[in-house]
Structures are given as structure tokens and as C-alpha cells.
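See below for work-v1.txt, which holds compact mmCIF, C-alpha atoms.
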# COMPACT_ATOMS: atom_id res chain seq x y z
CA MET C 93 0.00 0.00 0.00
CA ILE C 94 2.99 2.31 0.58
CA ILE C 95 3.89 1.86 -3.09
CA ALA C 96 0.38 2.99 -4.06
CA GLY C 97 0.82 6.02 -1.81
CA GLU C 98 4.02 7.00 -3.60
CA PHE C 99 2.13 7.38 -6.87
CA GLN C 100 -1.01 8.85 -5.27
CA PRO C 101 -0.10 11.62 -2.81
CA GLY C 102 -2.59 11.94 0.03
CA LEU C 103 -3.64 8.30 0.02
CA SER C 104 -4.53 7.09 3.53
CA VAL C 105 -2.80 3.76 4.08
CA VAL C 106 -4.71 3.23 7.34
CA GLU C 107 -8.05 3.76 5.60
CA GLU C 108 -7.14 1.36 2.80
CA LEU C 109 -6.02 -1.34 5.25
CA GLY C 110 -9.36 -0.89 6.99
CA LYS C 111 -11.04 -1.95 3.73
CA ILE C 112 -9.11 -5.22 3.87
CA ASP C 113 -10.27 -5.74 7.44
CA ARG C 114 -13.87 -5.37 6.28
CA PHE C 115 -13.30 -8.00 3.59
CA VAL C 116 -11.92 -10.26 6.32
CA GLN C 117 -15.06 -9.80 8.42
CA ASP C 118 -17.17 -10.78 5.43
CA ALA C 119 -14.91 -13.77 4.76
CA GLU C 120 -15.28 -14.96 8.37
CA SER C 121 -19.06 -14.79 8.04
CA TYR C 122 -19.16 -16.49 4.63
CA PRO C 123 -17.32 -18.62 5.93
CA VAL C 124 -13.97 -19.03 4.17
CA VAL C 125 -12.31 -22.19 5.50
CA ASP C 126 -10.44 -23.71 2.55
CA ALA C 127 -9.25 -23.02 -1.00
CA GLU C 128 -12.63 -23.75 -2.57
CA SER C 129 -14.57 -21.40 -0.30
CA LEU C 130 -11.86 -18.74 -0.67
CA VAL C 131 -12.26 -18.76 -4.46
CA GLU C 132 -16.06 -18.76 -4.15
CA PHE C 133 -15.87 -15.77 -1.81
CA MET C 134 -13.29 -13.75 -3.73
CA ALA C 135 -14.33 -14.46 -7.33
CA GLY C 136 -18.02 -15.19 -6.77
CA GLU C 137 -19.25 -13.25 -3.76
CA GLN C 138 -16.86 -10.28 -4.08
CA ASN C 139 -16.33 -10.37 -7.86
CA PHE C 140 -12.55 -9.97 -7.86
CA SER C 141 -11.24 -10.77 -11.34
CA GLY C 142 -8.47 -10.06 -13.79
CA ASN C 143 -8.65 -6.83 -15.75
CA SER C 144 -8.26 -8.32 -19.22
CA ASN C 145 -9.66 -5.28 -21.03
CA GLN C 146 -7.20 -2.81 -19.49
CA TYR C 147 -4.36 -5.14 -18.58
CA TYR C 148 -1.65 -2.47 -18.80
CA SER C 149 -3.46 0.20 -16.79
CA VAL C 150 -1.35 1.51 -13.92
CA SER C 151 -4.36 1.11 -11.61
CA ASN C 152 -3.96 -2.68 -11.82
CA SER C 153 -0.68 -2.41 -9.92
CA LEU C 154 -1.92 -0.04 -7.20
CA LEU C 155 -3.50 -1.98 -4.35
CA ASN C 156 -6.00 0.69 -3.32
CA GLN C 157 -7.32 0.79 -6.89
CA VAL C 158 -7.57 -3.00 -6.97
CA LEU C 159 -9.60 -2.91 -3.75
CA ALA C 160 -11.88 -0.23 -5.20
CA THR C 161 -12.48 -1.75 -8.64
CA LYS C 162 -11.93 -5.43 -7.73
CA LYS C 163 -9.88 -5.64 -10.93
CA GLY C 164 -6.17 -6.18 -11.29
CA ILE C 165 -3.33 -8.29 -12.63
CA PRO C 166 -2.40 -11.68 -11.16
CA ILE C 167 0.02 -10.45 -8.51
CA THR C 168 -2.10 -7.62 -7.08
CA ILE C 169 -5.25 -9.74 -6.86
CA ALA C 170 -3.07 -12.40 -5.22
CA VAL C 171 -1.92 -9.87 -2.62
CA VAL C 172 -5.56 -9.31 -1.64
CA TYR C 173 -6.08 -13.08 -1.32
CA LEU C 174 -2.95 -13.36 0.84
CA ALA C 175 -3.88 -10.41 3.04
CA ILE C 176 -7.33 -11.83 3.75
CA VAL C 177 -6.11 -15.36 4.52
CA GLU C 178 -3.38 -13.97 6.79
CA ARG C 179 -6.03 -12.22 8.89
CA LEU C 180 -8.52 -15.10 9.07
CA SER C 181 -8.78 -16.93 12.37
CA GLY C 182 -8.74 -20.48 10.97
CA ALA C 183 -5.92 -22.90 10.25
CA MET C 184 -5.71 -22.14 6.53
CA ARG C 185 -2.37 -20.81 5.29
CA ALA C 186 -1.56 -19.08 2.02
CA GLU C 187 1.60 -18.10 0.19
CA GLY C 188 2.42 -16.40 -3.07
CA ILE C 189 3.92 -18.43 -5.89
CA SER C 190 6.27 -16.64 -8.26
CA PHE C 191 5.16 -18.62 -11.30
CA PRO C 192 6.70 -17.24 -14.52
CA GLY C 193 4.47 -14.64 -16.13
CA HIS C 194 1.42 -15.40 -14.00
CA PHE C 195 1.48 -15.07 -10.20
CA LEU C 196 -0.37 -17.76 -8.22
CA VAL C 197 -1.57 -18.42 -4.67
CA ARG C 198 -0.91 -21.69 -2.85
CA ILE C 199 -3.28 -22.75 -0.08
CA ASP C 200 -2.67 -25.29 2.66
CA ALA C 201 -5.75 -26.01 4.74
CA GLY C 202 -4.47 -29.33 6.05
CA SER C 203 -5.31 -31.37 2.95
CA GLY C 204 -2.22 -30.73 0.85
CA GLU C 205 -1.35 -28.17 -1.80
CA GLN C 206 -4.08 -26.37 -3.71
CA LEU C 207 -3.25 -23.70 -6.27
CA ILE C 208 -5.36 -20.68 -7.13
CA ASP C 209 -5.16 -18.59 -10.27
CA PRO C 210 -6.37 -15.26 -8.81
CA PHE C 211 -6.65 -13.63 -12.24
CA ALA C 212 -9.12 -16.26 -13.48
CA GLY C 213 -10.64 -16.78 -10.03
CA GLN C 214 -10.35 -20.55 -10.03
CA LEU C 215 -8.45 -23.51 -8.65
CA VAL C 216 -5.79 -24.88 -10.99
CA SER C 217 -3.62 -27.97 -11.17
CA ARG C 218 0.09 -27.87 -11.95
CA ASP C 219 -0.66 -29.24 -15.41
CA GLU C 220 -3.08 -26.36 -15.99
CA CYS C 221 -0.39 -23.92 -14.85
CA TYR C 222 1.95 -25.29 -17.50
CA GLN C 223 -0.82 -24.78 -20.06
CA ILE C 224 -1.03 -21.13 -18.98
CA LEU C 225 2.73 -20.84 -19.40
CA ALA C 226 2.62 -22.44 -22.85
CA GLY C 227 -0.04 -19.92 -23.84
CA LEU C 228 2.16 -17.03 -22.70
CA TYR C 229 5.30 -18.28 -24.44
CA GLY C 230 3.65 -19.83 -27.49
CA ARG C 231 5.30 -23.19 -26.91
CA GLU C 232 5.41 -26.06 -24.46
CA VAL C 233 7.65 -25.45 -21.43
CA GLU C 234 9.61 -28.15 -19.63
CA PRO C 235 8.05 -28.77 -16.17
CA ASN C 236 10.16 -27.39 -13.34
CA ASP C 237 9.35 -27.50 -9.62
CA ARG C 238 11.17 -24.19 -9.18
CA PHE C 239 8.33 -22.47 -11.01
CA PHE C 240 6.26 -23.13 -7.89
CA ASN C 241 8.70 -21.67 -5.37
CA ARG C 242 7.27 -19.50 -2.63
CA ALA C 243 7.54 -15.74 -3.10
CA GLY C 244 8.32 -13.84 0.08
CA SER C 245 7.21 -10.28 0.79
CA ARG C 246 10.34 -8.71 -0.70
CA GLN C 247 10.00 -10.73 -3.90
CA ILE C 248 6.34 -9.79 -4.23
CA LEU C 249 7.12 -6.10 -3.78
CA ARG C 250 9.94 -6.29 -6.30
CA ARG C 251 7.66 -7.93 -8.85
CA ILE C 252 4.92 -5.32 -8.35
CA LEU C 253 7.51 -2.58 -8.77
CA GLU C 254 8.82 -4.30 -11.89
CA ASN C 255 5.32 -4.21 -13.36
CA LEU C 256 4.97 -0.52 -12.53
CA LYS C 257 8.38 0.08 -14.04
CA VAL C 258 7.22 -1.54 -17.29
CA ILE C 259 4.10 0.64 -17.41
CA HIS C 260 6.01 3.87 -16.78
CA SER C 261 8.63 2.96 -19.37
CA GLN C 262 5.92 2.24 -21.96
CA THR C 263 4.42 5.69 -21.39
CA GLY C 264 7.82 7.38 -21.48
CA ASP C 265 7.71 8.37 -17.81
CA ALA C 266 11.40 8.10 -16.97
CA LYS C 267 10.95 9.63 -13.52
CA GLY C 268 8.28 7.06 -12.71
CA VAL C 269 10.70 4.32 -13.74
CA LEU C 270 13.36 5.88 -11.52
CA THR C 271 10.97 5.92 -8.54
CA CYS C 272 10.34 2.19 -9.03
CA LEU C 273 14.07 1.53 -9.24
CA ASP C 274 14.66 3.51 -6.05
CA TYR C 275 12.16 1.33 -4.19
CA GLN C 276 13.56 -1.87 -5.68
CA LEU C 277 17.02 -0.86 -4.49
CA MET C 278 15.67 -0.28 -0.99
CA LEU C 279 14.69 -3.96 -1.07
CA TYR C 280 17.84 -5.18 -2.85
CA PRO C 281 20.56 -2.53 -2.33
CA ASP C 282 23.36 -4.67 -3.77
CA ASP C 283 21.56 -5.90 -6.88
CA GLU C 284 24.00 -5.14 -9.71
CA GLU C 285 21.35 -5.28 -12.44
CA LEU C 286 19.15 -2.75 -10.65
CA LEU C 287 22.12 -0.51 -9.91
CA GLN C 288 23.10 -0.58 -13.58
CA GLN C 289 19.53 0.21 -14.66
CA GLN C 290 19.46 3.13 -12.24
CA GLN C 291 22.79 4.48 -13.50
CA ASN C 292 21.75 4.12 -17.15
CA LEU C 293 18.50 5.93 -16.47
CA LEU C 294 20.17 8.75 -14.54
CA ASP C 295 22.60 9.19 -17.43
CA HIS C 296 19.65 9.22 -19.83
CA LEU C 297 17.82 11.84 -17.77
CA ARG C 298 20.88 14.08 -17.68
CA GLU C 299 21.32 13.79 -21.44
CA ASN C 300 17.67 14.05 -22.49
CA ASP C 301 15.94 15.85 -19.62
CA GLY C 302 13.68 12.85 -18.94
CA SER C 303 12.19 12.81 -22.42
CA HIS C 304 11.71 9.07 -22.88
CA TYR C 305 12.66 5.67 -21.56
CA ASP C 306 11.36 2.40 -22.92
CA GLU C 307 11.26 -1.34 -22.15
CA SER C 308 8.30 -3.64 -22.72
CA PRO C 309 8.06 -7.04 -21.00
CA ARG C 310 4.71 -8.46 -19.86
CA LEU C 311 3.07 -7.77 -16.51
CA HIS C 312 2.58 -10.69 -14.13

Spit out the file's structure as C-alpha cells when you get a sec.
Amino acid sequence: MIIAGEFQPGLSVVEELGKIDRFVQDAESYPVVDAESLVEFMAGEQNFSGNSNQYYSVSNSLLNQVLATKKGIPITIAVVYLAIVERLSGAMRAEGISFPGHFLVRIDAGSGEQLIDPFAGQLVSRDECYQILAGLYGREVEPNDRFFNRAGSRQILRRILENLKVIHSQTGDAKGVLTCLDYQLMLYPDDEELLQQQQNLLDHLRENDGSHYDESPRLH
């Protein structure tokens, strides 16, 4: 939510977190007790879904906007799922999965692994995840357990910032890209790739007065 505040001056983080608490109260009453009921609550009852029509809108990467519109990209909708499960009183546990190109949620409610595609609002198997990946890359991808590694908080924040960085670069907002890099370097101060990107961009800004900066990978 702090990231959202950086790009929206005056945003009340406390007020936005209160909205999550209200979702949690509704989830407790539903009740949400396992992966199936979580998906039913989030995608069915609350109508959270992927924003396919405006996939590259900056609002999809700002958590307060995702809470307001109930639309987003895989990782930001996943963050809402994770925040709600974290606050529930039951035994269910959730973690983010840094699947290539399409962030997932893994649920453990005592009956083994269950995967959720938050963008589609449905449970998925590992085989179905590989089908998603094949669709993104246009070819079959060799199965790899590392694709299902847990994403910690720092990794999630870095990935959200990477998505915002892509959006700002596509619109030629070099200073927006620089802001994202600054936050990424707070998380990973010794990352040589980020440091090089920052230096290249600073050089570019000095030479061109922030006129344009471009890179275009896909959001995830």
C-alpha cells in the first residue's frame, strides 16, 4: 500500500487497510475455510477478477485501486487473497507463488497443496499452470518444480515494482521508472542489475531531460 501512496499523494494507508479488514469480516461470516470457499468468496461473492480489457493500466498495480475496482493483474489480486487469509482466524495458510508470467496463490488447509489462479478466479492444477505458461510463451515449457517456489514479501514487492516500471517505461515516464528503481534498491541494495539500470536511467535523464525511456516485457 505504501507503493500505491508514492504514486497517489494523500492516500490514507490506514483507511485502505481498513477496507481489507472489512473484507476479512465478510470472509469470516461467509465462511472461508479452505481453498474452494476462498475462491467462491473472492471471485463469486466479491467479484474480484483479472482486468483483461485494461491489462496495462497503472491502476492494476496499485493496491487501493484493486480494492476499489476489484480488478487487477495476477500479482495484485493475489496480494488481496494473501492479506485476507493472513487475517482469518482459521488454520488455513496461504503463500504467493512466483510462477513465470502469471502469479499464483498456494493454499494449505491441512489437505495438501491447492493452487489458485487469482486472475481467473479458479483452482488450478500444476498441469493447468503449465498450459497457462505455454499460452504465454507460445510453446510447451519443460516442467520445473522451481516455477512453484514461494515468493516472500520482498519478492512480491519487487515484482509489483517491476510491473509498474514496465508501465512507466511504456508511457515514457522516466521519472516514474526511476521511482520504481529507487524502491527496488531499498529492497535489494546490492543488486547489480538494478544498480546498472538506475545508472543508465540517470545518465539518460541528464542527457535528455527525462524525455523518454522504454522497455516492454509483460506484466505478471

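Between CA of Leu287 (chain C) and CA of Arg250 (chain C) the separation is 14.0 Å.
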
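Among the candidates C:Leu286, C:Ala175, C:Leu256, C:Ala170, the residue lying nearest to Gly142 (chain C) is C:Ala170 (atoms considered: all atoms listed in the file).
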
May I have the residues within 8 Å of Leu196 (chain C) as number ranges by chain, using only C-alpha atoms and disregarding those fewer than 4 positions away in the same chain? C: 166-167, 170, 188-191, 207-210

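Using all atoms listed in the file for every distance, the candidate list C:Glu232, C:Asp113, C:Glu254, C:Asp265 yields C:Asp265 as the residue closest to Leu297 (chain C).
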
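With distances restricted to all atoms listed in the file, C:Leu174 is the closest residue to Ile112 (chain C) from C:Ala96, C:Leu174, C:Leu130, C:Leu154.
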
Residues within 12 Å of (-18.9, -10.1, 1.6), file coordinates, counting all atoms listed in the file: what are they? Give the list as number ranges by chain. C: 111-124, 130, 132-140, 176

Residues within 9 Å of (1.7, -7.5, -14.8), file coords, all atoms listed in the file, listed as an NGL selection string: :C and (147-148 or 152-153 or 164-168 or 193-195 or 251-252 or 254-256 or 258-259 or 309-312)

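Each of C:Leu249, C:Ile169, C:Ala243, C:Ala127 was compared to Tyr280 (chain C) using all atoms listed in the file, and C:Leu249 turns out to be the nearest.
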
Would you mind completing region 108-133 of chain C to N, CA and C atoms and writing the output as a short mmCIF file (atom, residue, chain, number, x, y, z; two decimals), in the frame of the given file?
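And here's rebuild.cif as it stands now:
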data_model
loop_
_atom_site.label_atom_id
_atom_site.label_comp_id
_atom_site.auth_asym_id
_atom_site.auth_seq_id
_atom_site.Cartn_x
_atom_site.Cartn_y
_atom_site.Cartn_z
N GLU C 108 -7.12 2.45 3.78
CA GLU C 108 -7.14 1.36 2.80
C GLU C 108 -7.00 0.00 3.49
N LEU C 109 -6.15 -0.08 4.51
CA LEU C 109 -6.02 -1.34 5.25
C LEU C 109 -7.32 -1.69 5.97
N GLY C 110 -8.06 -0.65 6.37
CA GLY C 110 -9.36 -0.89 6.99
C GLY C 110 -10.33 -1.57 6.03
N LYS C 111 -10.20 -1.28 4.73
CA LYS C 111 -11.04 -1.95 3.73
C LYS C 111 -10.75 -3.44 3.70
N ILE C 112 -9.47 -3.80 3.83
CA ILE C 112 -9.11 -5.22 3.87
C ILE C 112 -9.72 -5.88 5.09
N ASP C 113 -9.68 -5.19 6.22
CA ASP C 113 -10.27 -5.74 7.44
C ASP C 113 -11.77 -6.01 7.26
N ARG C 114 -12.44 -5.15 6.51
CA ARG C 114 -13.87 -5.37 6.28
C ARG C 114 -14.10 -6.59 5.37
N PHE C 115 -13.22 -6.78 4.41
CA PHE C 115 -13.30 -8.00 3.59
C PHE C 115 -13.10 -9.23 4.46
N VAL C 116 -12.18 -9.13 5.42
CA VAL C 116 -11.92 -10.26 6.32
C VAL C 116 -13.16 -10.58 7.14
N GLN C 117 -13.83 -9.57 7.65
CA GLN C 117 -15.06 -9.80 8.42
C GLN C 117 -16.10 -10.53 7.57
N ASP C 118 -16.23 -10.11 6.33
CA ASP C 118 -17.17 -10.78 5.43
C ASP C 118 -16.74 -12.22 5.15
N ALA C 119 -15.43 -12.42 5.03
CA ALA C 119 -14.91 -13.77 4.76
C ALA C 119 -15.15 -14.69 5.95
N GLU C 120 -15.02 -14.16 7.16
CA GLU C 120 -15.28 -14.96 8.37
C GLU C 120 -16.74 -15.39 8.41
N SER C 121 -17.63 -14.49 7.99
CA SER C 121 -19.06 -14.79 8.04
C SER C 121 -19.49 -15.72 6.91
N TYR C 122 -18.72 -15.76 5.83
CA TYR C 122 -19.16 -16.49 4.63
C TYR C 122 -19.50 -17.95 4.88
N PRO C 123 -18.69 -18.85 5.46
CA PRO C 123 -17.32 -18.62 5.93
C PRO C 123 -16.29 -19.14 4.93
N VAL C 124 -15.10 -18.54 4.96
CA VAL C 124 -13.97 -19.03 4.17
C VAL C 124 -13.13 -19.93 5.05
N VAL C 125 -13.03 -21.22 4.67
CA VAL C 125 -12.31 -22.19 5.50
C VAL C 125 -11.29 -22.99 4.71
N ASP C 126 -11.36 -22.93 3.37
CA ASP C 126 -10.44 -23.71 2.55
C ASP C 126 -10.29 -23.02 1.19
N ALA C 127 -9.52 -23.64 0.30
CA ALA C 127 -9.25 -23.02 -1.00
C ALA C 127 -10.53 -22.82 -1.81
N GLU C 128 -11.40 -23.84 -1.79
CA GLU C 128 -12.63 -23.75 -2.57
C GLU C 128 -13.51 -22.59 -2.11
N SER C 129 -13.71 -22.48 -0.80
CA SER C 129 -14.57 -21.40 -0.30
C SER C 129 -13.90 -20.04 -0.46
N LEU C 130 -12.56 -20.00 -0.44
CA LEU C 130 -11.86 -18.74 -0.67
C LEU C 130 -12.11 -18.24 -2.09
N VAL C 131 -12.01 -19.14 -3.07
CA VAL C 131 -12.26 -18.76 -4.46
C VAL C 131 -13.72 -18.35 -4.64
N GLU C 132 -14.63 -19.10 -4.04
CA GLU C 132 -16.06 -18.76 -4.15
C GLU C 132 -16.32 -17.36 -3.57
N PHE C 133 -15.68 -17.06 -2.45
CA PHE C 133 -15.87 -15.77 -1.81
C PHE C 133 -15.26 -14.64 -2.64
#
